[in-house]
file input.csv (CSV, C-alpha atoms)
chain,number,residue,atom,x,y,z
A,844,MET,CA,30.2,285.8,-21.6
A,845,ARG,CA,29.8,282.3,-22.8
A,846,PHE,CA,30.3,281.3,-26.5
A,847,GLU,CA,27.7,278.6,-27.3
A,848,VAL,CA,28.6,276.0,-29.9
A,849,GLU,CA,25.8,273.6,-30.6
A,850,ARG,CA,24.6,271.2,-33.3
A,851,LYS,CA,21.0,270.4,-33.8
A,852,PHE,CA,19.3,267.4,-35.4
A,853,LEU,CA,15.9,265.9,-36.1
A,854,VAL,CA,15.2,262.8,-34.0
A,855,ALA,CA,14.7,259.6,-36.1
A,856,ASP,CA,13.0,257.4,-33.5
A,857,ASP,CA,12.2,257.0,-29.8
A,858,GLY,CA,15.5,255.2,-28.9
A,859,TRP,CA,16.6,258.2,-26.9
A,860,GLN,CA,13.8,257.7,-24.3
A,861,ALA,CA,15.6,254.8,-22.6
A,862,GLY,CA,18.6,257.1,-21.8
A,863,VAL,CA,16.8,260.0,-20.2
A,864,THR,CA,18.3,261.1,-16.9
A,865,THR,CA,16.4,264.3,-16.2
A,866,ARG,CA,13.5,266.3,-17.8
A,867,ARG,CA,12.0,269.7,-17.3
A,868,ARG,CA,9.3,271.8,-18.8
A,869,LEU,CA,10.4,275.0,-20.4
A,870,THR,CA,8.4,278.0,-21.8
A,871,ASP,CA,10.2,280.6,-24.0
A,872,GLY,CA,8.9,284.0,-24.9
A,873,LEU,CA,10.6,286.0,-27.7
A,874,ILE,CA,11.2,289.6,-26.6
A,875,GLY,CA,13.0,290.7,-29.8
A,876,GLN,CA,14.8,289.4,-32.8
A,877,PHE,CA,17.0,291.5,-35.0
A,878,ALA,CA,18.1,291.3,-38.7
A,879,THR,CA,21.6,290.4,-37.5
A,880,GLY,CA,20.4,287.2,-35.9
A,881,ASN,CA,20.6,288.6,-32.4
A,882,LYS,CA,17.7,287.8,-30.1
A,883,VAL,CA,16.4,288.3,-26.6
A,884,ARG,CA,14.1,285.8,-24.9
A,885,VAL,CA,12.7,285.1,-21.5
A,886,ARG,CA,12.5,281.5,-20.3
A,887,LEU,CA,10.7,279.8,-17.4
A,888,ASP,CA,11.0,276.4,-16.0
A,889,GLU,CA,9.5,274.8,-12.9
A,890,GLY,CA,12.0,276.5,-10.5
A,891,ARG,CA,13.5,279.6,-12.1
A,892,ALA,CA,13.3,282.3,-14.7
A,893,TRP,CA,15.9,284.0,-16.8
A,894,LEU,CA,16.7,286.3,-19.7
A,895,THR,CA,18.9,285.1,-22.5
A,896,VAL,CA,20.6,287.4,-25.0
A,897,LYS,CA,22.1,285.6,-28.0
A,898,GLY,CA,24.5,287.4,-30.4
A,899,GLU,CA,25.1,286.9,-34.1
A,900,ARG,CA,26.1,283.4,-35.2
A,901,VAL,CA,29.7,282.9,-36.2
A,902,GLY,CA,30.0,279.5,-37.8
A,903,LEU,CA,28.4,277.0,-35.4
A,904,GLY,CA,28.6,279.3,-32.4
A,905,ARG,CA,27.3,282.5,-31.0
A,906,PRO,CA,27.9,284.6,-27.8
A,907,GLU,CA,25.3,284.0,-25.2
A,908,PHE,CA,24.5,285.9,-22.0
A,909,GLU,CA,22.0,284.6,-19.4
A,910,TYR,CA,20.6,286.5,-16.4
A,911,GLU,CA,18.4,284.9,-13.7
A,912,ILE,CA,15.4,287.2,-12.9
A,913,PRO,CA,12.5,287.0,-10.5
A,914,ARG,CA,9.7,284.7,-11.7
A,915,ALA,CA,7.1,287.4,-11.3
A,916,ASP,CA,9.1,289.6,-13.7
A,917,ALA,CA,9.4,286.8,-16.3
A,918,GLU,CA,5.7,286.1,-16.1
A,919,SER,CA,4.9,289.9,-16.6
A,920,MET,CA,7.3,290.0,-19.6
A,921,MET,CA,5.5,286.9,-21.1
A,922,SER,CA,2.2,288.6,-20.9
A,923,LEU,CA,3.2,292.3,-21.6
A,924,VAL,CA,6.3,292.3,-23.8
A,925,CYS,CA,6.6,289.0,-25.7
A,926,GLU,CA,5.2,288.1,-29.0
A,927,THR,CA,1.8,286.4,-28.6
A,928,CYS,CA,2.9,282.8,-29.1
A,929,PHE,CA,5.2,280.9,-26.8
A,930,ILE,CA,7.5,277.9,-27.2
A,931,GLU,CA,6.5,275.1,-24.9
A,932,LYS,CA,8.7,272.1,-24.7
A,933,THR,CA,9.9,269.3,-22.4
A,934,ARG,CA,13.7,269.1,-22.4
A,935,HIS,CA,15.1,265.6,-21.8
A,936,CYS,CA,18.8,265.2,-20.9
A,937,VAL,CA,20.3,262.0,-22.5
A,938,PRO,CA,23.9,261.2,-21.9
A,939,TYR,CA,25.6,259.5,-24.8
A,940,ALA,CA,29.3,258.8,-25.4
A,941,GLY,CA,30.6,261.4,-23.0
A,942,LEU,CA,28.2,264.2,-24.0
A,943,VAL,CA,24.8,265.2,-22.8
A,944,TRP,CA,22.2,265.5,-25.5
A,945,GLU,CA,19.1,267.7,-25.0
A,946,VAL,CA,16.1,266.2,-26.7
A,947,ASP,CA,13.3,268.8,-26.9
A,948,VAL,CA,9.7,267.5,-27.3
A,949,TYR,CA,7.6,270.5,-28.3
A,950,GLY,CA,4.1,271.0,-27.1
A,951,GLY,CA,1.5,273.7,-27.5
A,952,THR,CA,1.5,275.2,-31.0
A,953,LEU,CA,4.5,273.1,-32.1
A,954,THR,CA,3.2,269.7,-30.9
A,955,GLY,CA,4.7,266.9,-33.0
A,956,LEU,CA,8.2,268.4,-33.4
A,957,ILE,CA,11.2,266.7,-31.6
A,958,LEU,CA,14.7,268.1,-31.9
A,959,ALA,CA,18.0,267.0,-30.3
A,960,GLU,CA,20.9,269.4,-29.6
A,961,VAL,CA,24.4,268.9,-28.2
A,962,GLU,CA,26.7,271.6,-26.9
A,963,LEU,CA,30.4,271.3,-27.9
A,964,ASP,CA,33.6,272.9,-26.6
A,965,HIS,CA,34.6,274.0,-30.1
A,966,GLU,CA,33.4,273.7,-33.7
A,967,GLY,CA,35.8,271.0,-34.7
A,968,GLN,CA,35.0,268.7,-31.7
A,969,ALA,CA,34.4,265.2,-32.8
A,970,PHE,CA,31.5,263.4,-31.3
A,971,GLU,CA,29.7,260.1,-31.7
A,972,ARG,CA,26.1,260.3,-33.1
A,973,PRO,CA,23.5,258.4,-31.2
A,974,PRO,CA,21.7,255.9,-33.3
A,975,TRP,CA,18.4,257.7,-32.8
A,976,LEU,CA,19.5,260.9,-34.5
A,977,GLY,CA,18.1,261.9,-37.9
A,978,THR,CA,19.0,264.7,-40.3
A,979,GLU,CA,21.3,267.5,-39.0
A,980,VAL,CA,19.5,270.9,-39.1
A,981,THR,CA,22.2,273.1,-37.5
A,982,GLY,CA,22.0,276.5,-39.0
A,983,ASP,CA,18.9,275.8,-40.9
A,984,PRO,CA,16.7,278.9,-40.5
A,985,ARG,CA,13.6,276.9,-40.8
A,986,PHE,CA,14.3,275.2,-37.5
A,987,ARG,CA,14.9,278.5,-35.5
A,988,GLN,CA,12.3,278.8,-32.8
A,989,SER,CA,11.3,282.3,-34.1
A,990,THR,CA,10.6,280.9,-37.6
A,991,LEU,CA,8.6,278.0,-36.2
A,992,LEU,CA,6.5,280.3,-34.1
A,993,ARG,CA,5.8,282.7,-37.0
A,994,ARG,CA,5.0,279.9,-39.4
A,995,PHE,CA,3.1,277.4,-37.2
A,996,GLY,CA,2.2,279.3,-34.1
A,997,ASP,CA,-1.5,279.8,-34.7
A,998,GLU,CA,-2.3,276.6,-36.5
A,999,GLY,CA,-3.4,274.5,-33.5
A,1000,ARG,CA,-2.3,271.2,-35.0
A,1001,ARG,CA,0.7,268.8,-35.0
A,1002,VAL,CA,3.8,270.0,-36.9
A,1003,THR,CA,5.8,267.5,-38.8
A,1004,PRO,CA,9.5,267.8,-39.6
A,1005,GLU,CA,8.6,267.2,-43.2
A,1006,GLU,CA,6.4,270.4,-43.2
A,1007,VAL,CA,9.3,272.4,-41.7
A,1008,LEU,CA,11.7,271.0,-44.3
A,1009,ALA,CA,9.3,271.9,-47.1
A,1010,LEU,CA,9.5,275.6,-46.1
A,1011,PRO,CA,11.6,277.8,-48.4
A,1012,LEU,CA,15.1,278.6,-47.2
call {"tool": "encode", "arguments": {"input": "input.csv", "output": "structure tokens"}}
result
Amino acid sequence: MRFEVERKFLVADDGWQAGVTTRRRLTDGLIGQFATGNKVRVRLDEGRAWLTVKGERVGLGRPEFEYEIPRADAESMMSLVCETCFIEKTRHCVPYAGLVWEVDVYGGTLTGLILAEVELDHEGQAFERPPWLGTEVTGDPRFRQSTLLRRFGDEGRRVTPEEVLALPL
């Protein structure tokens, strides 16, 4: 088991683009989410597929379990088991001050949204904020992928951070 500790931020400008070292397209399908905050998702990228089970959040962290699965199984889960909308994003890896930031540029039903995350070794870990970071949204339920899908999944238009921030907590 891995205990994931991450911080999430809005992106203030496109200064991150100059530092990108890798990028990959991801598609996430939500299999289930529970009142406790636990969730199960299936994810595809260009080369592999996997299931992720995330436990209840404790502070900034949560237990996370990942299992690689056959691509054909993941595609079947997407079409037969998952909720109807999917998260589509391109994840850009951007090293900065000894850490690797993941900048997610959303597409599909969430086009217009860009978020940056960094994984830390522990909650108290100090880190230098890149100049292109905006407001921190760690733990803000409005920025959970499941919330974004439920609220904006069928609208077929660009989503702005201001719209998400305007949602009730």
call {"tool": "residues_near_point", "arguments": {"input": "input.csv", "point": "(29.2, 261.2, -31.4)", "cutoff": "9 Å", "atoms": "all atoms listed in the file", "output": "MDAnalysis selection string"}}
result
chainID A and resid 939:942 969:973
call {"tool": "closest_atom_pairs", "arguments": {"input": "input.csv", "of": "segment 912-978 of chain A", "to": "segment 854-863 of chain A", "cutoff": "12 Å", "atoms": "only C-alpha atoms", "output": "tab-separated table"}}
result
residue	atom	partner	partner_atom	distance
A:Thr933	CA	A:Val863	CA	11.8
A:Arg934	CA	A:Val863	CA	9.9
A:His935	CA	A:Val863	CA	6.1
A:Cys936	CA	A:Val863	CA	5.6
A:Val937	CA	A:Val863	CA	4.6
A:Pro938	CA	A:Gly862	CA	6.7
A:Tyr939	CA	A:Gly862	CA	8.0
A:Ala940	CA	A:Gly862	CA	11.4
A:Val943	CA	A:Val863	CA	9.9
A:Trp944	CA	A:Trp859	CA	9.3
A:Glu945	CA	A:Val863	CA	9.4
A:Val946	CA	A:Trp859	CA	8.0
A:Asp947	CA	A:Val854	CA	9.5
A:Val948	CA	A:Val854	CA	9.9
A:Gly955	CA	A:Val854	CA	11.3
A:Leu956	CA	A:Val854	CA	9.0
A:Ile957	CA	A:Val854	CA	6.1
A:Leu958	CA	A:Val854	CA	5.7
A:Ala959	CA	A:Val854	CA	6.3
A:Glu960	CA	A:Val854	CA	9.8
A:Arg972	CA	A:Val854	CA	11.2
A:Pro973	CA	A:Trp859	CA	8.1
A:Pro974	CA	A:Gly858	CA	7.6
A:Trp975	CA	A:Ala855	CA	5.3
A:Leu976	CA	A:Val854	CA	4.7
A:Gly977	CA	A:Ala855	CA	4.5
A:Thr978	CA	A:Val854	CA	7.6
call {"tool": "atom_distance", "arguments": {"input": "input.csv", "atom1": "atom CA of Thr864 of chain A", "atom2": "atom CA of Met844 of chain A"}}
result
27.8 Å
call {"tool": "residues_around", "arguments": {"input": "input.csv", "residues": "Phe846 of chain A", "least_positions_apart": "6", "cutoff": "7 Å", "atoms": "only C-alpha atoms", "output": "list in words"}}
result
Gly904, Arg905, Pro906 and Glu907 of chain A
call {"tool": "write_last_selection", "arguments": {"input": "input.csv", "atoms": "C-alpha atoms", "output": "PDB file, in the frame of the given file"}}
result
ATOM      1  CA  GLY A 904      28.600 279.300 -32.400  1.00  0.00           C
ATOM      2  CA  ARG A 905      27.300 282.500 -31.000  1.00  0.00           C
ATOM      3  CA  PRO A 906      27.900 284.600 -27.800  1.00  0.00           C
ATOM      4  CA  GLU A 907      25.300 284.000 -25.200  1.00  0.00           C
TER       5      GLU A 907
END
call {"tool": "atom_distance", "arguments": {"input": "input.csv", "atom1": "atom CA of Val961 of chain A", "atom2": "atom CA of Lys882 of chain A"}}
result
20.1 Å
